[in-house]
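Chemist: Structure file coords.cif, mmCIF, C-alpha atoms, is pasted below:
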data_model
#
loop_
_atom_site.label_atom_id
_atom_site.label_comp_id
_atom_site.auth_asym_id
_atom_site.auth_seq_id
_atom_site.Cartn_x
_atom_site.Cartn_y
_atom_site.Cartn_z
CA MET Q 1 99.95 21.94 59.75
CA ASN Q 2 103.03 24.22 59.79
CA ASN Q 3 101.87 27.85 59.63
CA THR Q 4 105.29 29.47 59.93
CA LYS Q 5 105.79 32.39 57.57
CA ILE Q 6 109.25 33.54 56.51
CA VAL Q 7 109.67 36.76 54.57
CA PHE Q 8 112.92 37.05 52.64
CA ILE Q 9 113.74 40.68 51.73
CA GLY Q 10 116.46 41.02 49.12
CA ALA Q 11 115.54 37.62 47.71
CA GLY Q 12 116.55 38.67 44.19
CA SER Q 13 120.21 38.17 45.08
CA VAL Q 14 121.10 35.11 43.06
CA CYS Q 15 124.11 34.19 45.22
CA PHE Q 16 122.77 34.77 48.70
CA GLY Q 17 119.26 33.82 47.63
CA THR Q 18 120.49 30.45 46.41
CA SER Q 19 122.35 29.82 49.69
CA THR Q 20 119.20 30.65 51.65
CA PHE Q 21 117.09 28.35 49.47
CA ARG Q 22 119.60 25.54 50.01
CA ASP Q 23 119.13 25.92 53.77
CA ILE Q 24 115.35 26.20 53.59
CA PHE Q 25 114.80 23.25 51.27
CA THR Q 26 117.02 20.94 53.32
CA CYS Q 27 115.22 21.68 56.59
CA PRO Q 28 112.30 19.25 57.00
CA GLU Q 29 110.89 21.34 59.86
CA LEU Q 30 109.87 23.95 57.29
CA LYS Q 31 107.69 21.64 55.22
CA ASN Q 32 104.26 23.14 54.51
CA SER Q 33 105.32 26.60 55.73
CA THR Q 34 105.13 29.86 53.74
CA LEU Q 35 108.06 31.61 52.08
CA SER Q 36 107.39 35.11 50.79
CA LEU Q 37 110.06 36.56 48.51
CA VAL Q 38 110.52 40.32 48.29
CA ASP Q 39 112.77 42.36 46.03
CA VAL Q 40 112.53 45.72 44.27
CA ASN Q 41 114.02 44.26 41.07
CA PRO Q 42 111.17 42.35 39.39
CA VAL Q 43 113.46 40.52 36.92
CA ASN Q 44 115.73 39.13 39.62
CA LEU Q 45 112.75 38.40 41.83
CA ASP Q 46 111.03 36.40 39.10
CA ARG Q 47 114.10 34.22 38.56
CA MET Q 48 114.44 33.46 42.26
CA TYR Q 49 110.71 32.80 42.63
CA ASN Q 50 110.87 30.22 39.85
CA LEU Q 51 114.01 28.70 41.35
CA ALA Q 52 112.23 28.41 44.69
CA LEU Q 53 109.33 26.64 42.98
CA VAL Q 54 111.54 23.97 41.41
CA MET Q 55 113.61 23.48 44.59
CA ASN Q 56 110.41 23.19 46.62
CA LYS Q 57 109.15 20.51 44.24
CA ALA Q 58 112.48 18.64 44.16
CA ALA Q 59 112.64 18.62 47.96
CA GLY Q 60 109.00 17.58 48.32
CA PHE Q 61 108.40 20.34 50.87
CA ASN Q 62 104.94 21.50 49.77
CA MET Q 63 105.75 25.05 50.87
CA THR Q 64 103.63 27.99 49.79
CA ILE Q 65 105.90 30.26 47.74
CA GLU Q 66 104.92 33.89 47.22
CA MET Q 67 106.60 36.87 45.60
CA THR Q 68 106.04 40.61 45.67
CA THR Q 69 107.93 43.86 45.13
CA ASP Q 70 105.95 45.42 48.00
CA ARG Q 71 107.10 44.21 51.42
CA THR Q 72 103.99 45.58 53.12
CA VAL Q 73 102.03 42.90 51.25
CA ALA Q 74 104.34 40.17 52.52
CA LEU Q 75 104.95 41.20 56.14
CA PRO Q 76 101.53 40.61 57.78
CA GLY Q 77 101.70 37.31 59.63
CA ALA Q 78 105.45 36.94 59.30
CA GLU Q 79 107.34 35.34 62.18
CA PHE Q 80 110.78 35.74 60.63
CA VAL Q 81 112.18 38.34 58.26
CA ILE Q 82 115.48 37.49 56.59
CA ASN Q 83 117.25 40.54 55.23
CA SER Q 84 119.98 40.68 52.59
CA ILE Q 85 119.38 44.02 50.89
CA ALA Q 86 122.22 46.00 49.34
CA VAL Q 87 121.74 49.47 47.87
CA GLU Q 88 123.24 49.48 44.37
CA ARG Q 89 125.82 47.17 45.91
CA CYS Q 90 128.79 47.01 43.56
CA GLU Q 91 128.06 50.23 41.67
CA LEU Q 92 128.30 52.39 44.81
CA TRP Q 93 130.91 50.23 46.50
CA LYS Q 94 133.35 50.99 43.68
CA HIS Q 95 133.08 54.69 44.54
CA ASP Q 96 133.56 53.90 48.25
CA TRP Q 97 136.83 52.22 47.32
CA LEU Q 98 138.18 54.57 44.66
CA VAL Q 99 137.31 58.03 46.00
CA PRO Q 100 139.27 57.80 49.29
CA LYS Q 101 142.30 56.44 47.41
CA LYS Q 102 142.13 59.41 45.05
CA TYR Q 103 142.63 61.73 48.01
CA GLY Q 104 145.42 59.71 49.60
CA ILE Q 105 143.55 57.67 52.20
CA ARG Q 106 145.15 54.24 52.22
CA HIS Q 107 142.53 51.68 53.09
CA THR Q 108 141.34 48.15 52.32
CA LEU Q 109 138.06 46.80 50.99
CA GLY Q 110 135.92 49.85 51.86
CA GLU Q 111 132.85 48.08 53.21
CA ASN Q 112 132.69 47.97 57.02
CA GLY Q 113 135.34 50.46 58.11
CA GLY Q 114 136.92 53.69 56.96
CA PRO Q 115 135.14 56.11 54.57
CA GLY Q 116 133.57 53.23 52.64
CA GLY Q 117 132.08 51.81 55.81
CA LEU Q 118 130.61 55.22 56.63
CA PHE Q 119 128.84 55.52 53.30
CA PHE Q 120 127.66 51.92 53.33
CA THR Q 121 126.05 52.96 56.63
CA MET Q 122 124.67 56.28 55.35
CA ARG Q 123 122.82 54.69 52.45
CA THR Q 124 121.75 51.41 54.10
CA ILE Q 125 120.41 52.45 57.52
CA PRO Q 126 117.45 54.49 56.17
CA TYR Q 127 116.12 51.47 54.26
CA ILE Q 128 116.70 49.13 57.20
CA LEU Q 129 114.74 51.44 59.50
CA ASP Q 130 111.94 51.64 56.94
CA ILE Q 131 111.69 47.84 56.99
CA ALA Q 132 111.77 47.80 60.79
CA ARG Q 133 108.97 50.34 61.07
CA ASP Q 134 106.83 48.30 58.71
CA MET Q 135 107.56 45.26 60.87
CA GLU Q 136 106.56 47.13 64.04
CA ARG Q 137 103.25 47.90 62.39
CA LEU Q 138 102.53 44.70 60.43
CA CYS Q 139 104.31 41.86 62.27
CA PRO Q 140 105.44 43.28 65.62
CA GLY Q 141 106.55 39.95 67.08
CA ALA Q 142 108.72 38.89 64.15
CA TRP Q 143 112.47 38.35 64.27
CA PHE Q 144 114.74 40.31 61.92
CA ILE Q 145 117.63 38.08 60.82
CA ASN Q 146 120.23 40.25 59.14
CA PHE Q 147 122.88 39.29 56.60
CA SER Q 148 123.47 42.74 55.09
CA ASN Q 149 126.61 44.77 55.73
CA PRO Q 150 127.62 46.74 57.66
CA GLU Q 151 126.29 44.22 60.18
CA SER Q 152 127.40 45.89 63.41
CA ARG Q 153 125.96 49.25 62.44
CA ILE Q 154 122.64 47.76 61.35
CA ILE Q 155 122.24 45.94 64.67
CA LEU Q 156 123.17 49.14 66.54
CA ALA Q 157 120.56 51.15 64.63
CA LEU Q 158 117.80 48.57 65.04
CA SER Q 159 118.50 48.16 68.76
CA LYS Q 160 118.57 51.88 69.50
CA TYR Q 161 115.80 53.19 67.25
CA THR Q 162 113.27 50.35 66.94
CA THR Q 163 111.57 47.67 69.02
CA VAL Q 164 112.31 44.93 66.48
CA LYS Q 165 113.99 41.77 67.75
CA CYS Q 166 117.14 41.26 65.72
CA VAL Q 167 120.34 39.29 65.25
CA GLY Q 168 123.09 39.60 62.68
CA LEU Q 169 124.75 36.53 61.18
CA CYS Q 170 128.11 36.22 59.43
CA HIS Q 171 130.19 33.23 58.39
CA GLY Q 172 133.47 35.07 59.01
CA ILE Q 173 134.42 32.88 61.97
CA TYR Q 174 134.85 29.98 59.57
CA GLY Q 175 137.59 32.01 57.92
CA ALA Q 176 139.54 31.77 61.17
CA VAL Q 177 138.98 28.01 61.21
CA GLU Q 178 140.23 27.73 57.62
CA ARG Q 179 143.35 29.80 58.32
CA ILE Q 180 144.23 27.98 61.55
CA ALA Q 181 143.76 24.64 59.80
CA ARG Q 182 145.93 25.73 56.88
CA ILE Q 183 148.81 26.94 59.07
CA THR Q 184 148.72 23.92 61.41
CA GLY Q 185 148.20 21.41 58.60
CA LEU Q 186 145.06 20.00 60.20
CA PRO Q 187 141.79 19.25 58.37
CA GLU Q 188 139.27 22.07 58.82
CA ASP Q 189 136.72 19.71 60.35
CA LYS Q 190 139.17 18.97 63.19
CA VAL Q 191 139.53 22.60 64.26
CA GLU Q 192 137.09 24.13 66.78
CA VAL Q 193 137.22 27.73 67.90
CA LEU Q 194 135.58 30.07 70.38
CA GLY Q 195 135.62 33.61 69.05
CA ALA Q 196 134.52 36.98 70.40
CA GLY Q 197 134.92 40.60 69.36
CA LEU Q 198 133.39 42.72 66.62
CA ASN Q 199 131.99 41.60 63.29
CA HIS Q 200 134.91 40.92 60.94
CA PHE Q 201 137.26 41.41 63.89
CA GLN Q 202 136.75 38.53 66.28
CA TRP Q 203 139.57 36.97 68.28
CA MET Q 204 139.85 33.25 68.89
CA LEU Q 205 139.75 32.82 72.66
CA GLN Q 206 140.14 29.09 72.14
CA ALA Q 207 141.36 26.90 69.29
CA ARG Q 208 141.05 23.17 69.97
CA HIS Q 209 141.23 19.83 68.21
CA LYS Q 210 137.67 18.63 67.77
CA ASP Q 211 138.41 15.01 68.72
CA THR Q 212 141.04 15.31 71.45
CA LEU Q 213 140.18 18.81 72.77
CA GLU Q 214 143.91 19.54 72.63
CA ASP Q 215 144.76 23.25 72.79
CA LEU Q 216 145.96 24.10 69.27
CA TYR Q 217 147.63 27.39 70.17
CA PRO Q 218 151.07 25.84 70.92
CA LEU Q 219 151.03 24.06 67.54
CA LEU Q 220 149.74 27.19 65.79
CA ARG Q 221 152.54 29.32 67.25
CA GLU Q 222 155.14 26.75 66.22
CA LYS Q 223 153.86 26.34 62.66
CA ASN Q 224 153.15 30.04 62.21
CA ALA Q 225 156.78 30.95 62.84
CA ALA Q 226 157.91 29.02 59.76
CA TYR Q 227 154.86 29.50 57.50
CA ASP Q 228 154.94 31.41 54.22
CA PRO Q 229 155.29 35.09 55.26
CA ALA Q 230 153.17 36.22 52.30
CA TYR Q 231 150.07 34.47 53.68
CA GLU Q 232 147.74 36.77 55.66
CA PRO Q 233 150.61 38.91 57.01
CA LEU Q 234 148.39 41.36 58.93
CA SER Q 235 146.40 38.67 60.73
CA ARG Q 236 149.56 36.83 61.65
CA ARG Q 237 151.35 39.95 62.88
CA LEU Q 238 148.37 40.69 65.12
CA PHE Q 239 148.49 37.07 66.32
CA THR Q 240 152.17 37.21 67.23
CA THR Q 241 151.74 40.66 68.83
CA PHE Q 242 148.53 40.19 70.82
CA GLY Q 243 148.64 36.42 71.38
CA LEU Q 244 145.25 35.46 69.89
CA PHE Q 245 144.35 34.70 66.28
CA PRO Q 246 141.87 37.12 64.66
CA SER Q 247 139.21 36.60 62.00
CA CYS Q 248 138.35 36.95 59.19
CA GLY Q 249 141.26 37.77 56.92
CA ASP Q 250 143.49 40.74 56.19
CA GLY Q 251 141.03 42.54 53.92
CA HIS Q 252 138.28 42.79 56.52
CA ILE Q 253 140.58 43.36 59.50
CA GLY Q 254 142.51 45.97 57.57
CA GLU Q 255 139.36 48.09 57.23
CA TYR Q 256 139.58 48.96 60.92
CA LEU Q 257 143.28 49.76 61.20
CA PRO Q 258 145.37 52.73 60.01
CA TYR Q 259 148.12 50.32 58.97
CA GLY Q 260 145.81 47.76 57.36
CA TRP Q 261 146.99 48.81 53.90
CA GLU Q 262 150.46 47.41 54.65
CA ALA Q 263 149.14 43.92 53.95
CA GLY Q 264 148.07 45.11 50.50
CA GLU Q 265 145.73 47.87 49.36
CA GLU Q 266 143.15 45.57 47.88
CA GLY Q 267 139.55 46.39 47.12
CA TYR Q 268 136.72 44.03 46.44
CA THR Q 269 137.04 41.74 43.42
CA PHE Q 270 134.17 43.34 41.49
CA ASP Q 271 134.88 41.53 38.20
CA GLU Q 272 135.08 38.17 39.93
CA ASP Q 273 131.84 38.94 41.79
CA GLU Q 274 130.10 39.64 38.48
CA ARG Q 275 131.43 36.43 36.92
CA HIS Q 276 130.30 34.41 39.93
CA LYS Q 277 126.81 35.94 39.89
CA ASN Q 278 126.47 35.28 36.18
CA HIS Q 279 127.60 31.68 36.65
CA ILE Q 280 125.11 31.00 39.45
CA ALA Q 281 122.33 32.72 37.48
CA ALA Q 282 123.06 30.55 34.44
CA GLU Q 283 123.06 27.41 36.55
CA ALA Q 284 119.81 28.49 38.21
CA ASP Q 285 118.20 29.04 34.81
CA LYS Q 286 119.13 25.49 33.78
CA ARG Q 287 117.37 24.13 36.87
CA ILE Q 288 114.35 26.33 36.31
CA SER Q 289 114.01 25.19 32.70
CA GLY Q 290 114.43 21.54 33.65
CA GLU Q 291 117.59 21.17 31.56
CA ILE Q 292 119.39 19.94 34.69
CA PRO Q 293 117.68 18.39 37.73
CA VAL Q 294 117.76 20.04 41.14
CA GLU Q 295 120.04 17.77 43.13
CA GLY Q 296 123.46 17.52 44.75
CA TRP Q 297 124.90 20.91 45.80
CA TRP Q 298 121.53 22.59 45.24
CA LEU Q 299 119.97 20.50 47.99
CA THR Q 300 122.91 20.63 50.41
CA PRO Q 301 122.93 23.11 53.32
CA SER Q 302 125.17 26.18 53.06
CA ILE Q 303 127.45 27.50 55.82
CA GLU Q 304 124.94 30.22 56.78
CA HIS Q 305 122.83 29.80 59.92
CA GLY Q 306 119.71 31.88 59.42
CA ILE Q 307 117.46 28.85 59.19
CA ASP Q 308 119.01 27.41 62.36
CA VAL Q 309 117.79 30.55 64.13
CA VAL Q 310 114.34 30.13 62.59
CA THR Q 311 113.90 26.50 63.65
CA ALA Q 312 115.42 27.03 67.12
CA ILE Q 313 112.89 29.78 67.90
CA MET Q 314 110.01 28.13 66.06
CA ASN Q 315 110.36 24.76 67.83
CA ASN Q 316 112.02 25.89 71.08
CA LYS Q 317 115.02 23.79 70.03
CA LYS Q 318 117.99 25.01 72.03
CA THR Q 319 120.74 25.72 69.49
CA VAL Q 320 124.22 27.16 69.93
CA LEU Q 321 125.38 29.66 67.33
CA GLN Q 322 129.14 29.94 66.99
CA ALA Q 323 128.72 33.62 66.24
CA GLY Q 324 125.87 36.10 66.36
CA ILE Q 325 125.96 39.89 66.16
CA VAL Q 326 124.02 41.27 69.12
CA MET Q 327 124.15 44.15 71.56
CA ASN Q 328 126.88 43.57 74.10
CA ASN Q 329 125.12 44.22 77.42
CA GLY Q 330 127.98 42.58 79.32
CA ALA Q 331 128.74 39.64 77.03
CA ILE Q 332 132.27 41.03 76.64
CA SER Q 333 132.83 42.68 79.99
CA ASN Q 334 135.49 45.19 78.92
CA LEU Q 335 133.70 46.57 75.84
CA PRO Q 336 130.93 49.19 76.09
CA GLY Q 337 127.45 47.84 76.80
CA GLU Q 338 126.07 49.68 73.75
CA ALA Q 339 128.50 48.01 71.36
CA ALA Q 340 127.31 45.52 68.74
CA VAL Q 341 129.54 42.51 69.36
CA GLU Q 342 129.93 39.13 67.70
CA VAL Q 343 129.89 36.32 70.25
CA PRO Q 344 128.52 32.78 70.61
CA ALA Q 345 124.82 32.72 71.44
CA VAL Q 346 122.10 30.30 72.51
CA VAL Q 347 118.83 30.38 70.56
CA ASP Q 348 115.47 29.00 71.66
CA ARG Q 349 111.89 30.24 71.96
CA SER Q 350 113.02 32.98 74.34
CA GLY Q 351 115.17 34.44 71.58
CA VAL Q 352 118.90 34.92 71.02
CA THR Q 353 120.89 35.01 74.25
CA PRO Q 354 124.56 35.99 73.94
CA MET Q 355 127.04 33.96 75.93
CA ARG Q 356 129.08 35.88 78.47
CA VAL Q 357 132.70 35.35 77.49
CA GLY Q 358 134.18 37.70 80.08
CA ALA Q 359 137.01 40.12 79.41
CA LEU Q 360 139.16 40.15 76.31
CA PRO Q 361 142.88 40.78 76.81
CA ALA Q 362 143.14 44.45 77.75
CA ASN Q 363 144.92 45.74 74.65
CA ILE Q 364 142.67 43.79 72.30
CA ALA Q 365 139.68 45.40 74.00
CA ARG Q 366 141.33 48.81 73.57
CA LEU Q 367 141.91 48.08 69.87
CA LEU Q 368 138.25 47.15 69.40
CA SER Q 369 136.90 50.02 71.50
CA ALA Q 370 138.17 52.54 68.97
CA GLN Q 371 135.93 50.98 66.33
CA VAL Q 372 132.95 50.73 68.68
CA PHE Q 373 132.87 54.51 68.91
CA VAL Q 374 133.34 54.94 65.15
CA GLN Q 375 130.40 52.60 64.54
CA GLN Q 376 128.19 54.45 66.99
CA ALA Q 377 129.08 57.79 65.38
CA ALA Q 378 128.38 56.43 61.89
CA VAL Q 379 124.92 55.24 62.94
CA GLU Q 380 124.08 58.67 64.37
CA ALA Q 381 125.24 60.36 61.16
CA ALA Q 382 123.10 57.98 59.09
CA VAL Q 383 120.00 58.20 61.27
CA TYR Q 384 120.04 62.01 61.20
CA GLY Q 385 121.28 62.28 57.62
CA ASP Q 386 123.72 64.85 58.96
CA LYS Q 387 126.80 65.83 56.96
CA GLY Q 388 128.44 67.46 59.95
CA LEU Q 389 128.14 64.27 61.98
CA ALA Q 390 129.48 62.34 58.99
CA LEU Q 391 132.60 64.52 58.94
CA GLN Q 392 133.04 64.03 62.67
CA THR Q 393 132.81 60.28 62.11
CA LEU Q 394 135.55 60.40 59.49
CA LEU Q 395 137.78 62.44 61.80
CA ILE Q 396 137.53 59.92 64.65
CA ASP Q 397 138.13 56.95 62.33
CA PRO Q 398 141.77 55.82 62.69
CA VAL Q 399 141.88 54.90 58.99
CA VAL Q 400 141.47 58.56 57.95
CA ASN Q 401 144.90 60.19 57.84
CA SER Q 402 144.08 63.73 56.66
CA SER Q 403 141.39 66.23 57.61
CA ASP Q 404 141.65 67.89 54.18
CA ALA Q 405 141.20 64.53 52.47
CA ALA Q 406 138.27 63.75 54.78
CA VAL Q 407 136.43 66.88 53.64
CA LYS Q 408 137.06 66.10 49.96
CA VAL Q 409 136.00 62.47 50.34
CA LEU Q 410 132.89 63.51 52.24
CA ASP Q 411 131.85 66.06 49.61
CA GLU Q 412 132.30 63.65 46.70
CA LEU Q 413 130.77 60.55 48.27
CA TRP Q 414 127.93 62.60 49.76
CA GLU Q 415 126.86 63.76 46.29
CA ILE Q 416 127.09 60.22 44.90
CA ASN Q 417 125.01 58.78 47.74
CA LYS Q 418 122.67 61.73 48.19
CA PRO Q 419 119.58 59.97 46.76
CA HIS Q 420 119.77 57.47 49.64
CA ILE Q 421 120.70 59.74 52.55
CA ARG Q 422 117.91 61.20 54.70
CA ARG Q 423 116.92 61.87 58.26
CA CYS Q 424 115.17 58.83 59.73
CA VAL Q 425 113.99 60.14 63.12
#
Please rewrite the model in this file as structure tokens.

Modeler:
Amino acid sequence: MNNTKIVFIGAGSVCFGTSTFRDIFTCPELKNSTLSLVDVNPVNLDRMYNLALVMNKAAGFNMTIEMTTDRTVALPGAEFVINSIAVERCELWKHDWLVPKKYGIRHTLGENGGPGGLFFTMRTIPYILDIARDMERLCPGAWFINFSNPESRIILALSKYTTVKCVGLCHGIYGAVERIARITGLPEDKVEVLGAGLNHFQWMLQARHKDTLEDLYPLLREKNAAYDPAYEPLSRRLFTTFGLFPSCGDGHIGEYLPYGWEAGEEGYTFDEDERHKNHIAAEADKRISGEIPVEGWWLTPSIEHGIDVVTAIMNNKKTVLQAGIVMNNGAISNLPGEAAVEVPAVVDRSGVTPMRVGALPANIARLLSAQVFVQQAAVEAAVYGDKGLALQTLLIDPVVNSSDAAVKVLDELWEINKPHIRRCV
């Protein structure tokens, strides 16, 4: 009998929740286990609970499916906690994007870097630490598998201020695969990469043909020189300048760089996000009602790897992750040990072990180091709920181009986010 218990916090997310269900209900090793769904929104939670019931039945998995708005009810006995929470995600993110622009700070996306990244951190870290402290008390041996942004800062906070075992997962490396394949003209499934760096700012140390193991960098350089200059101009300028291809697209990379806006000052596609969520919700409702059977895409694995981590640890099945967000501790030898890096990792019963990739090219490491210190400062500001530390963080962030603007942005975004900011230690 499989007694594994997985707690999924933030399960009301129809998009990410559906991806997670697709991975769970296509993994035979999880048959007869327990899945406990947690969300503070009872309406969204109810939909996803009912979707889980019909997917469980369609897959023939005989899992025990639970739901609750109180995580302390779900956590006892948990071996794995999957996290995808977002605090008023799009509503507050819009402010993170618009307020800095109002004061002349030119930035992109506003999620993991710049002023937006700071306030994502300020409002998210307190809730993450609350979850971790409940885990320390109620399921002290459980793994925390994180999908929430800002990933690097969450892993930093958990590693420094809790005893919880944790790993962050992101599918951004596949963006590098897609872009390399597009420029070279190769099918995506023929491109293999080895990436290392920071979350949303990895660098492809290797790019090879999956079948022949041929180094694809000569072909990539040749094709890149003649490719449409409007396609991912920032990523490609960094490639031609530093010699390695970065992930995972101009929007994310641009968050970390003072010149990122040159590729286009683009924020998140909030309207498209809403349309996509509504579409998935409508399709889920049709499966729940029985109007359409649960089959095809709904029972096909996603590109996420949380369940691979679960089964590797659960069954001591040595598994290689292409990318995991973990504390550095020497994995990248020329970045600080207390950085949260994204590197390949091996997972088995002993946990998540980052692969040592050695040194990055010196100037790439210098480029990344600037953000390591910004991320560390942001975590301290969030953990202490300290406005002075938040201002210091803005003034060491290379994206911030004016101290006067920094003060104005801080004052306005602080008031907007104030209900979620508090001292956590």

Chemist: Can you give me, as an MDAnalysis selection string, the residues this file yields under the PyMOL selection byres ((chain Q and resi 80-91) around 7)?

Modeler: chainID Q and resid 5:10 78:79 92:94 124 142:148 270 310

Chemist: Counting all atoms listed in the file, what is within 8 Å of segment 118-123 of chain Q, bar same-chain residues fewer than 4 positions away, as a PyMOL selection string?

Modeler: chain Q and resi 87+93+96+111-114+127+149-150+153-154+378-379+381-383+385+390+393-394+413-414+417+420-421

Chemist: Next, the residues of the selection above should be written as a tab-separated table (two decimals), in the frame of the given file with C-alpha atoms.

Modeler:
chain	number	residue	atom	x	y	z
Q	87	VAL	CA	121.74	49.47	47.87
Q	93	TRP	CA	130.91	50.23	46.50
Q	96	ASP	CA	133.56	53.90	48.25
Q	111	GLU	CA	132.85	48.08	53.21
Q	112	ASN	CA	132.69	47.97	57.02
Q	113	GLY	CA	135.34	50.46	58.11
Q	114	GLY	CA	136.92	53.69	56.96
Q	127	TYR	CA	116.12	51.47	54.26
Q	149	ASN	CA	126.61	44.77	55.73
Q	150	PRO	CA	127.62	46.74	57.66
Q	153	ARG	CA	125.96	49.25	62.44
Q	154	ILE	CA	122.64	47.76	61.35
Q	378	ALA	CA	128.38	56.43	61.89
Q	379	VAL	CA	124.92	55.24	62.94
Q	381	ALA	CA	125.24	60.36	61.16
Q	382	ALA	CA	123.10	57.98	59.09
Q	383	VAL	CA	120.00	58.20	61.27
Q	385	GLY	CA	121.28	62.28	57.62
Q	390	ALA	CA	129.48	62.34	58.99
Q	393	THR	CA	132.81	60.28	62.11
Q	394	LEU	CA	135.55	60.40	59.49
Q	413	LEU	CA	130.77	60.55	48.27
Q	414	TRP	CA	127.93	62.60	49.76
Q	417	ASN	CA	125.01	58.78	47.74
Q	420	HIS	CA	119.77	57.47	49.64
Q	421	ILE	CA	120.70	59.74	52.55

Chemist: So which one's closest to Ile105 of chain Q, Q:Lys318, Q:Thr20, Q:Glu380, Q:Glu255? Using all atoms listed in the file, please.

Modeler: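 Smallest distance to Ile105 of chain Q is found for Q:Glu255.
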
Chemist: Please enumerate the residues selected by the PyMOL selection byres ((chain Q and resi 2) around 8) when evaluated against the supplied file, formatted as a list in words.

Modeler: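 Taken on the displayed file, the PyMOL selection byres ((chain Q and resi 2) around 8) yields the residues Met1, Asn3, Thr4, Leu30, Lys31, Asn32 and Ser33 of chain Q.
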
Chemist: Kindly extract all protein, DNA and RNA residues lying within 10 Å of the coordinates (121.0, 36.7, 44.6) given in the file, considering all atoms listed in the file, and supply them as JSON, numbers by chain.

Modeler: {"Q": [10, 11, 12, 13, 14, 15, 16, 17, 18, 19, 20, 44, 45, 47, 48, 84, 85, 277, 280, 281]}

Chemist: Might I get the box with edges along x, y and z of the file that holds all atoms of segment 376-384 of chain Q listed there, padded by 3 Å on every side, given as centre and edge lengths in Å to one decimal, as JSON?

Modeler:
{"center_x": 124.5, "center_y": 58.2, "center_z": 63.0, "size_x": 15.1, "size_y": 13.6, "size_z": 13.9}

Chemist: Would you pick out the contacts of Gly249 of chain Q at 7 Å or less, using only C-alpha atoms, so that residues sharing its chain but fewer than 4 positions from it are not included, and give the list as a list of chain:residue names?

Modeler: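 These residues fall inside the cut-off: Q:Gly175, Q:Glu232, Q:Ser235, Q:Ile253.
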
Chemist: Could you give me, as a list in words, the residues within 7 Å of Ala331 of chain Q, counting all atoms listed in the file and dropping anything in the same chain fewer than 4 positions from it?

Modeler: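 Surrounding residues, per the criterion: Pro354, Met355, Arg356, Val357 and Gly358 of chain Q.
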
Chemist: Create the file for the chosen residues now, containing C-alpha atoms and written as a PDB file, keeping the file's coordinate frame.

Modeler:
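As a result, again24.pdb now contains:
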ATOM      1  CA  PRO Q 354     124.560  35.990  73.940  1.00  0.00           C
ATOM      2  CA  MET Q 355     127.040  33.960  75.930  1.00  0.00           C
ATOM      3  CA  ARG Q 356     129.080  35.880  78.470  1.00  0.00           C
ATOM      4  CA  VAL Q 357     132.700  35.350  77.490  1.00  0.00           C
ATOM      5  CA  GLY Q 358     134.180  37.700  80.080  1.00  0.00           C
TER       6      GLY Q 358
END

Chemist: Between atom CA of Val99 of chain Q and atom CA of Val40 of chain Q, what distance in Å does the model show, to one decimal?

Modeler: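 Separation of atom CA of Val99 of chain Q and atom CA of Val40 of chain Q: 27.7 Å.
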
Chemist: In Å to one decimal, how far is atom CA of His200 of chain Q from atom CA of Ile364 of chain Q?

Modeler: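 Value for the atom CA of Ile364 of chain Q-atom CA of His200 of chain Q distance: 14.1 Å.
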
Chemist: What do you get, as a ChimeraX atom specification, if you spell out every residue that the PyMOL selection byres ((chain Q and resi 184) around 12) selects here?

Modeler: /Q:177-183,185-188,190-191,207-209,216-227

Chemist: Near Pro76 of chain Q, counting all atoms listed in the file, which residues have an atom at most 8 Å away, once you skip same-chain residues fewer than 3 positions from it, shown as a list in words?

Modeler: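 The filter keeps Thr72, Val73, Leu138 and Cys139 of chain Q.
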
Chemist: Anything within 12 Å of (152.1, 40.9, 59.2): list those residues as a PyMOL selection string, counting all atoms listed in the file and sticking to the file's coordinates.

Modeler: chain Q and resi 224-225+227-241+249-250+253-254+259-264

Chemist: If you measure from atom CA of Leu129 of chain Q to atom CA of Val347 of chain Q, what distance in Å do you get, rounded to one decimal?

Modeler: 24.1 Å

Chemist: Give me the residues near Val346 of chain Q as an mmCIF file with C-alpha atoms, keeping the file's coordinate frame, where near means some atom within 9 Å (using only C-alpha atoms) and where sequence neighbours in that chain fewer than 5 positions away do not count.

Modeler:
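Wrote part.cif, looks like this:
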data_model
loop_
_atom_site.group_PDB
_atom_site.id
_atom_site.type_symbol
_atom_site.label_atom_id
_atom_site.label_comp_id
_atom_site.auth_asym_id
_atom_site.auth_seq_id
_atom_site.Cartn_x
_atom_site.Cartn_y
_atom_site.Cartn_z
ATOM 1 C CA LYS Q 318 117.990 25.010 72.030
ATOM 2 C CA THR Q 319 120.740 25.720 69.490
ATOM 3 C CA VAL Q 320 124.220 27.160 69.930
ATOM 4 C CA LEU Q 321 125.380 29.660 67.330
ATOM 5 C CA GLN Q 322 129.140 29.940 66.990
ATOM 6 C CA GLY Q 351 115.170 34.440 71.580
ATOM 7 C CA VAL Q 352 118.900 34.920 71.020
ATOM 8 C CA THR Q 353 120.890 35.010 74.250
ATOM 9 C CA PRO Q 354 124.560 35.990 73.940
ATOM 10 C CA MET Q 355 127.040 33.960 75.930
#
